[in-house]
Amino acid sequence: MARKEFQYRGYTGEQLKELSVKEFMALIPSRERRSLSRGFTHEEQNLLKKLENKDKVKTHARQMVILPKMIGKTILVHNGKDFVELTILEEMVGGRLGQFALTRKKAGHSSGGKK
């Protein structure tokens, strides 16, 4: 059975890549739309410049909204201790980098001793 092609609000991944940031803003939820309407921070601008030249970039900008032009790139996002490698997939578009770089580990408690 063939894998169903991913669509974000009726747009395929290739169509999303062709959209400008203004056009993409109309598709995303209000929280992310407001963040993008205020413009990119200095750190976010640097990240976008580096992504044009490289496929693998380190960043601390966890609040950065994932844009369609990031699809297929590898971004190392800081989680407070070290950098977590994220390969941006079509399903991640519209989210934030910090959503996918978890800051907490699952506590693995061992079984207690019996008395």
# chains A, B, ... in the order shown; residues from 1 in each chain; ligands from 1
call {"tool": "residues_around", "arguments": {"residues": "segment 54-61 of chain A", "least_positions_apart": "5", "cutoff": "12 Å", "atoms": "only C-alpha atoms", "output": "PDB file with C-alpha atoms, in the first residue's frame"}}
result
ATOM      1  CA  PHE A  40      12.697  37.404  13.186  1.00  0.00           C
ATOM      2  CA  THR A  41      15.063  38.002  16.079  1.00  0.00           C
ATOM      3  CA  HIS A  42      18.774  38.448  15.400  1.00  0.00           C
ATOM      4  CA  GLU A  43      19.400  34.839  16.425  1.00  0.00           C
ATOM      5  CA  GLU A  44      16.646  33.535  14.126  1.00  0.00           C
ATOM      6  CA  GLN A  45      17.977  35.585  11.188  1.00  0.00           C
ATOM      7  CA  ASN A  46      21.441  34.084  11.716  1.00  0.00           C
ATOM      8  CA  LEU A  47      19.946  30.581  11.794  1.00  0.00           C
ATOM      9  CA  LEU A  48      18.139  31.151   8.479  1.00  0.00           C
ATOM     10  CA  LYS A  49      21.337  32.503   6.847  1.00  0.00           C
ATOM     11  CA  ILE A  66       9.685  25.794  11.685  1.00  0.00           C
ATOM     12  CA  LYS A  69      12.292  26.070   3.645  1.00  0.00           C
ATOM     13  CA  MET A  70      13.784  24.157   6.617  1.00  0.00           C
ATOM     14  CA  ILE A  71      12.365  20.810   5.435  1.00  0.00           C
ATOM     15  CA  GLY A  72      15.101  18.217   4.969  1.00  0.00           C
ATOM     16  CA  LYS A  73      17.707  20.184   6.950  1.00  0.00           C
ATOM     17  CA  THR A  74      19.340  18.921  10.151  1.00  0.00           C
ATOM     18  CA  ILE A  75      19.303  21.309  13.079  1.00  0.00           C
ATOM     19  CA  LEU A  76      21.074  20.693  16.381  1.00  0.00           C
ATOM     20  CA  VAL A  77      18.862  22.301  19.047  1.00  0.00           C
ATOM     21  CA  HIS A  78      20.189  22.959  22.556  1.00  0.00           C
ATOM     22  CA  ASN A  79      18.114  21.328  25.293  1.00  0.00           C
ATOM     23  CA  GLY A  80      19.867  22.943  28.258  1.00  0.00           C
ATOM     24  CA  LYS A  81      22.663  20.390  28.524  1.00  0.00           C
ATOM     25  CA  ASP A  82      23.672  19.328  25.024  1.00  0.00           C
ATOM     26  CA  PHE A  83      22.508  19.563  21.422  1.00  0.00           C
ATOM     27  CA  VAL A  84      19.718  17.280  20.167  1.00  0.00           C
ATOM     28  CA  GLU A  85      19.808  16.453  16.462  1.00  0.00           C
ATOM     29  CA  LEU A  86      16.537  17.152  14.609  1.00  0.00           C
ATOM     30  CA  THR A  87      15.944  16.330  10.983  1.00  0.00           C
ATOM     31  CA  ILE A  88      13.091  18.594   9.909  1.00  0.00           C
ATOM     32  CA  ARG A  96       8.632  25.208  17.102  1.00  0.00           C
ATOM     33  CA  LEU A  97      12.119  23.728  17.383  1.00  0.00           C
ATOM     34  CA  GLY A  98      11.792  23.387  21.161  1.00  0.00           C
ATOM     35  CA  GLN A  99       8.778  21.077  20.808  1.00  0.00           C
ATOM     36  CA  ALA A 101      14.087  18.794  21.505  1.00  0.00           C
TER      37      ALA A 101
END
call {"tool": "select_by_dssp", "arguments": {"residues": "chain A", "states": "strand (DSSP E or B)", "output": "list in words"}}
result
Gln7, Tyr8, Tyr11, Thr12, Lys56, Val57, Lys58, Thr59, Val65, Thr74, Ile75, Leu76, Val77, His78, Phe83, Val84, Glu85, Leu86, Thr87 and Arg96 of chain A
call {"tool": "select_by_dssp", "arguments": {"residues": "chain A", "states": "helix (DSSP H, G or I)", "output": "ChimeraX atom specification"}}
result
/A:13-18,21-25,30-37,42-53,68-70,90-92,97-100
call {"tool": "write_last_selection", "arguments": {"atoms": "N, CA and C atoms", "output": "compact mmCIF listing (two decimals), in the first residue's frame"}}
result
# COMPACT_ATOMS: atom_id res chain seq x y z
N GLY A 13 4.16 19.31 0.50
CA GLY A 13 5.46 19.83 0.93
C GLY A 13 6.12 20.71 -0.11
N GLU A 14 6.03 20.33 -1.37
CA GLU A 14 6.63 21.13 -2.45
C GLU A 14 5.91 22.48 -2.61
N GLN A 15 4.59 22.46 -2.48
CA GLN A 15 3.84 23.71 -2.58
C GLN A 15 4.15 24.64 -1.41
N LEU A 16 4.36 24.05 -0.22
CA LEU A 16 4.71 24.85 0.96
C LEU A 16 6.05 25.54 0.77
N LYS A 17 7.02 24.83 0.17
CA LYS A 17 8.36 25.40 -0.03
C LYS A 17 8.32 26.61 -0.97
N GLU A 18 7.35 26.65 -1.86
CA GLU A 18 7.24 27.75 -2.81
C GLU A 18 6.57 28.99 -2.21
N VAL A 21 6.97 33.78 3.25
CA VAL A 21 6.68 33.76 4.69
C VAL A 21 5.31 34.38 4.95
N LYS A 22 4.96 35.46 4.25
CA LYS A 22 3.65 36.11 4.42
C LYS A 22 2.50 35.16 4.07
N GLU A 23 2.65 34.41 2.97
CA GLU A 23 1.61 33.47 2.55
C GLU A 23 1.53 32.31 3.54
N PHE A 24 2.68 31.87 4.04
CA PHE A 24 2.71 30.76 5.01
C PHE A 24 2.06 31.19 6.33
N MET A 25 2.24 32.46 6.70
CA MET A 25 1.66 32.96 7.94
C MET A 25 0.14 32.82 7.97
N SER A 30 -2.61 30.95 15.27
CA SER A 30 -2.44 32.36 15.64
C SER A 30 -1.19 32.62 16.47
N ARG A 31 -0.84 31.75 17.38
CA ARG A 31 0.33 31.97 18.22
C ARG A 31 1.60 32.09 17.37
N GLU A 32 1.78 31.18 16.44
CA GLU A 32 2.95 31.21 15.56
C GLU A 32 2.87 32.37 14.58
N ARG A 33 1.65 32.66 14.11
CA ARG A 33 1.45 33.77 13.17
C ARG A 33 1.85 35.09 13.81
N ARG A 34 1.46 35.31 15.07
CA ARG A 34 1.83 36.54 15.77
C ARG A 34 3.33 36.63 15.96
N SER A 35 3.96 35.51 16.26
CA SER A 35 5.41 35.49 16.45
C SER A 35 6.12 35.89 15.16
N LEU A 36 5.67 35.35 14.02
CA LEU A 36 6.30 35.68 12.75
C LEU A 36 5.98 37.11 12.30
N SER A 37 4.80 37.62 12.66
CA SER A 37 4.45 38.97 12.24
C SER A 37 5.31 40.02 12.93
N HIS A 42 17.42 38.51 15.97
CA HIS A 42 18.77 38.45 15.40
C HIS A 42 19.26 36.99 15.32
N GLU A 43 18.98 36.24 16.38
CA GLU A 43 19.40 34.84 16.43
C GLU A 43 18.70 34.01 15.35
N GLU A 44 17.41 34.27 15.14
CA GLU A 44 16.65 33.54 14.13
C GLU A 44 17.11 33.90 12.72
N GLN A 45 17.45 35.17 12.49
CA GLN A 45 17.98 35.58 11.19
C GLN A 45 19.29 34.88 10.90
N ASN A 46 20.16 34.78 11.90
CA ASN A 46 21.44 34.08 11.72
C ASN A 46 21.22 32.61 11.39
N LEU A 47 20.25 31.99 12.05
CA LEU A 47 19.95 30.58 11.79
C LEU A 47 19.50 30.39 10.35
N LEU A 48 18.62 31.27 9.86
CA LEU A 48 18.14 31.15 8.48
C LEU A 48 19.26 31.35 7.46
N LYS A 49 20.19 32.29 7.74
CA LYS A 49 21.34 32.50 6.85
C LYS A 49 22.23 31.28 6.80
N LYS A 50 22.49 30.68 7.97
CA LYS A 50 23.34 29.50 8.03
C LYS A 50 22.70 28.32 7.32
N LEU A 51 21.36 28.19 7.41
CA LEU A 51 20.66 27.08 6.76
C LEU A 51 20.71 27.17 5.24
N GLU A 52 20.89 28.37 4.70
CA GLU A 52 21.00 28.51 3.25
C GLU A 52 22.29 27.88 2.74
N ASN A 53 23.35 27.94 3.54
CA ASN A 53 24.65 27.44 3.12
C ASN A 53 24.94 26.02 3.59
N PRO A 68 8.73 26.16 6.01
CA PRO A 68 8.83 25.14 4.95
C PRO A 68 10.21 25.04 4.33
N LYS A 69 10.97 26.16 4.26
CA LYS A 69 12.29 26.07 3.65
C LYS A 69 13.30 25.32 4.51
N MET A 70 12.91 24.94 5.73
CA MET A 70 13.78 24.16 6.62
C MET A 70 13.63 22.65 6.40
N GLU A 90 8.29 17.18 6.99
CA GLU A 90 7.13 17.97 6.57
C GLU A 90 6.10 18.09 7.69
N GLU A 91 5.98 17.05 8.53
CA GLU A 91 4.99 17.04 9.60
C GLU A 91 5.31 18.06 10.69
N MET A 92 6.57 18.54 10.76
CA MET A 92 6.99 19.47 11.80
C MET A 92 6.71 20.93 11.45
N LEU A 97 10.98 24.63 17.21
CA LEU A 97 12.12 23.73 17.38
C LEU A 97 12.13 23.10 18.77
N GLY A 98 11.77 23.88 19.79
CA GLY A 98 11.79 23.39 21.16
C GLY A 98 10.81 22.27 21.44
N GLN A 99 9.75 22.15 20.63
CA GLN A 99 8.78 21.08 20.81
C GLN A 99 9.40 19.71 20.58
N PHE A 100 10.40 19.66 19.74
CA PHE A 100 10.97 18.38 19.32
C PHE A 100 12.30 18.06 19.99
